[in-house]
Amino acid sequence: MRYKHPIKRILAGTRGYWARPETRSAVRENFNKVINCRTPALGAEIYASDSHERIVYHTCKSRACPSCGHRATGLWQRDQWTALPNISYAGICLTMPNVLWPIFQQNRHLLHDLPAIGAAAIQQWVKATYGVHVLVMVVQNTFGGHLYFNPHLHVLVSAGGLEEWSGRWVATLSFNRDAVMHIWRYAVITYLREALAAGVLTSDLGAEDLSAVLTAQYERWWNIDIDHFKSKWQFLKYVGRYIRRPPVAQHRFVKITDREVWFWTKDLKQKRRVLTRYLIEDFVATLAEHVQDRYRHAIRYFGLLAPGSKGQTSGALLVLLRQENQRRPQRLSWATSIHRNFGVDPLVDSQGHRMHWVGRLKPSKAKQHSGDSR
């Protein structure tokens, strides 16, 4: 069964579970935005032709909103397409043992440092091995296929680098999976040990037991994946599913009742699609875990892409690569985006006449205005 706006429907029906003072403010704010998205509560723009009037309600712009997140992802991909040079890239997925997941789940403030730790681990190995600086983009993710809290990083790294001592571009880099894993493992465990020693890490375990857990995890193997992309678009398309959108696509919902939520997930072990069932309160609680805190970025840039370095090196890098600087594309309006994605121009009325902007409804007045034609 296909549901229209299933996440909005679920959140609207479960306010009693999440609209509480003890719920993180970022969760309450984003869930409220999703419910109010494209409703009179956010206000509207009015467009009209000689015979018709159309009210276009404002969107919420929340990263937890499926429709707003989809559009934001597309705009981000367009920007990155022009910003990144046309070279080969490697995609590195940095994971950690599931024993460590609850530690970051209970200490969300530690999540903010993970992208910097992962980027530093990769840059340290590249510099020690090749003596070069690379472009690094880190996309942080907290969910797996069944919505479990699973903090990991998707990292885009240039498969070439700028040699430090000569200033020339080294076109081909080969990444050693074992070596990168060892540095990443050391960096994460050391970070958690220092957080424990500084008293900024809380856990259900005692300090001695937690220290023993960290030691055991340091001595085991950590899985990381390294893929090579022939073009930057392959990576941008790949990570597009993880940024600025909720962890469950709307088309995957199968059944929604007052008690349960059913949706399809991909089981990597069984290599097939399976049905996942949640009690509705558990689903909302799990979904809330993946809402980022305010002022936290899902994408961060390091190395030659770092904000402090990019302005100084991007021009010289393009000269070395013999490539032209691509202009940043003009931001698409909502009407252009809809026409491009769905083939329908929202500013053309039923008689084919063009509509123009005529006014705006404030949120407080939008509820009182219900006309859609004249």
# chains A, B, ... in the order shown; residues from 1 in each chain; ligands from 1
>>> residues_around(residues="range 306-312 of chain A", least_positions_apart="2", cutoff="12 Å", atoms="only C-alpha atoms", output="ChimeraX atom specification")
/A:83-85,116,119,133-138,299-304,314-318
>>> closest_residue(among="A:Gly91, A:Gly43, A:Gly69, A:Gly144", to="Phe229 in chain A", atoms="only C-alpha atoms")
A:Gly91
>>> select_by_dssp(residues="range 90-243 of chain A", states="strand (DSSP E or B)", output="ChimeraX atom specification")
/A:90-94,132-133,135-143,149-158,161-163,169-170,224-229
>>> residues_around(residues="Trp334 in chain A", least_positions_apart="2", cutoff="12 Å", atoms="only C-alpha atoms", output="PyMOL selection string")
chain A and resi 45+56-59+67-68+71-72+75+331-332+336-342+344-347
>>> write_last_selection(atoms="N, CA and C atoms", output="short mmCIF file (atom, residue, chain, number, x, y, z; two decimals), in the first residue's frame")
data_model
loop_
_atom_site.label_atom_id
_atom_site.label_comp_id
_atom_site.auth_asym_id
_atom_site.auth_seq_id
_atom_site.Cartn_x
_atom_site.Cartn_y
_atom_site.Cartn_z
N GLU A 45 2.98 31.78 -0.70
CA GLU A 45 3.07 32.76 -1.78
C GLU A 45 1.83 32.59 -2.66
N VAL A 56 0.84 28.69 -2.95
CA VAL A 56 1.97 27.78 -2.81
C VAL A 56 2.50 27.92 -1.39
N TYR A 57 2.25 26.91 -0.58
CA TYR A 57 2.67 26.96 0.81
C TYR A 57 4.18 26.76 0.93
N HIS A 58 4.77 27.42 1.92
CA HIS A 58 6.21 27.35 2.12
C HIS A 58 6.64 25.97 2.60
N THR A 59 7.84 25.59 2.23
CA THR A 59 8.41 24.33 2.69
C THR A 59 9.19 24.55 3.97
N SER A 67 10.82 15.48 1.27
CA SER A 67 10.76 16.28 0.05
C SER A 67 11.78 17.41 0.06
N CYS A 68 11.90 18.12 1.17
CA CYS A 68 12.88 19.21 1.26
C CYS A 68 14.30 18.65 1.18
N ARG A 71 15.28 17.79 -2.50
CA ARG A 71 15.63 18.95 -3.31
C ARG A 71 16.98 19.51 -2.89
N ALA A 72 17.23 19.60 -1.57
CA ALA A 72 18.50 20.13 -1.09
C ALA A 72 19.67 19.26 -1.54
N LEU A 75 20.48 20.05 -5.19
CA LEU A 75 21.19 21.32 -5.33
C LEU A 75 22.64 21.20 -4.87
N ARG A 331 21.30 29.01 -8.76
CA ARG A 331 20.38 28.23 -7.94
C ARG A 331 19.01 28.17 -8.61
N LEU A 332 18.47 26.97 -8.68
CA LEU A 332 17.17 26.77 -9.33
C LEU A 332 16.04 27.23 -8.42
N THR A 336 11.29 26.02 -11.28
CA THR A 336 12.20 25.40 -12.25
C THR A 336 12.54 23.97 -11.84
N SER A 337 12.74 23.76 -10.53
CA SER A 337 13.05 22.42 -10.04
C SER A 337 11.91 21.44 -10.31
N ILE A 338 10.67 21.88 -10.05
CA ILE A 338 9.52 21.02 -10.29
C ILE A 338 9.37 20.71 -11.78
N HIS A 339 9.55 21.72 -12.59
CA HIS A 339 9.43 21.51 -14.03
C HIS A 339 10.52 20.58 -14.55
N ARG A 340 11.71 20.73 -14.00
CA ARG A 340 12.83 19.89 -14.43
C ARG A 340 12.66 18.44 -13.98
N ASN A 341 12.20 18.24 -12.75
CA ASN A 341 12.11 16.88 -12.19
C ASN A 341 10.84 16.14 -12.60
N PHE A 342 9.73 16.87 -12.78
CA PHE A 342 8.45 16.22 -13.01
C PHE A 342 7.79 16.59 -14.33
N VAL A 344 6.26 19.29 -15.15
CA VAL A 344 5.05 20.08 -14.98
C VAL A 344 5.45 21.48 -14.51
N ASP A 345 4.95 22.49 -15.18
CA ASP A 345 5.23 23.87 -14.78
C ASP A 345 4.16 24.31 -13.80
N PRO A 346 4.50 24.53 -12.53
CA PRO A 346 3.48 24.89 -11.53
C PRO A 346 2.93 26.30 -11.71
N LEU A 347 3.57 27.11 -12.54
CA LEU A 347 3.11 28.47 -12.74
C LEU A 347 2.30 28.64 -14.02
#
>>> closest_residue(among="A:Gly161, A:Pro97, A:Gly16, A:Pro151", to="Leu321 in chain A", atoms="only C-alpha atoms")
A:Gly161
>>> residues_around(residues="Phe235 in chain A", least_positions_apart="6", cutoff="10 Å", atoms="only C-alpha atoms", output="list of chain:residue names")
A:Gln77, A:Tyr89, A:Ala90, A:Gly91, A:His154, A:Val155, A:Leu156, A:Asp227, A:His228, A:Phe229
>>> write_last_selection(atoms="N, CA and C atoms", output="compact mmCIF listing (two decimals), in the first residue's frame")
# COMPACT_ATOMS: atom_id res chain seq x y z
N GLN A 77 24.48 18.47 -4.94
CA GLN A 77 25.20 17.69 -5.95
C GLN A 77 25.58 18.56 -7.14
N TYR A 89 38.80 9.60 -8.03
CA TYR A 89 38.58 9.69 -6.59
C TYR A 89 38.46 8.29 -5.99
N ALA A 90 38.72 8.23 -4.69
CA ALA A 90 38.50 7.00 -3.93
C ALA A 90 37.44 7.27 -2.88
N GLY A 91 36.59 6.30 -2.65
CA GLY A 91 35.59 6.40 -1.60
C GLY A 91 35.94 5.45 -0.48
N HIS A 154 31.50 8.25 5.36
CA HIS A 154 31.75 8.06 3.94
C HIS A 154 32.68 9.18 3.50
N VAL A 155 33.86 8.82 3.04
CA VAL A 155 34.90 9.82 2.77
C VAL A 155 35.27 9.80 1.29
N LEU A 156 35.22 10.96 0.67
CA LEU A 156 35.72 11.13 -0.69
C LEU A 156 37.15 11.66 -0.61
N ASP A 227 36.66 2.00 -2.28
CA ASP A 227 36.22 1.87 -3.67
C ASP A 227 36.84 2.98 -4.49
N HIS A 228 37.06 2.70 -5.76
CA HIS A 228 37.62 3.70 -6.65
C HIS A 228 36.54 4.15 -7.63
N PHE A 229 36.39 5.46 -7.75
CA PHE A 229 35.38 6.04 -8.62
C PHE A 229 36.05 6.66 -9.84
>>> residues_around(residues="Thr23 in chain A", least_positions_apart="4", cutoff="12 Å", atoms="only C-alpha atoms", output="JSON, numbers by chain")
{"A": [15, 16, 17, 18, 19, 27, 28, 29, 30, 31, 284, 285, 288, 289, 291, 293]}
>>> select_by_dssp(residues="range 30-271 of chain A", states="alpha helix (DSSP H)", output="VMD selection string")
chain A and resid 30 to 36 66 to 83 101 to 106 114 to 130 177 to 197 207 to 218 232 to 239
>>> atom_distance(atom1="CA of Val239 in chain A", atom2="CA of Tyr148 in chain A")
18.4 Å
>>> closest_atom_pairs(of="range 45-150 of chain A", to="range 248-260 of chain A", cutoff="9 Å", atoms="only C-alpha atoms", output="JSON lines")
{"residue": "A:Pro66", "atom": "CA", "partner": "A:Gln250", "partner_atom": "CA", "distance": 7.3}
{"residue": "A:Gly145", "atom": "CA", "partner": "A:Val248", "partner_atom": "CA", "distance": 8.8}
{"residue": "A:Leu147", "atom": "CA", "partner": "A:Val248", "partner_atom": "CA", "distance": 8.0}
>>> closest_residue(among="A:Ile103, A:Leu275, A:Leu94, A:Phe283", to="Trp222 in chain A", atoms="only C-alpha atoms")
A:Leu94
>>> residues_around(residues="Gln292 in chain A", least_positions_apart="4", cutoff="9 Å", atoms="only C-alpha atoms", output="PyMOL selection string")
chain A and resi 26-27+63-64+288+296-298
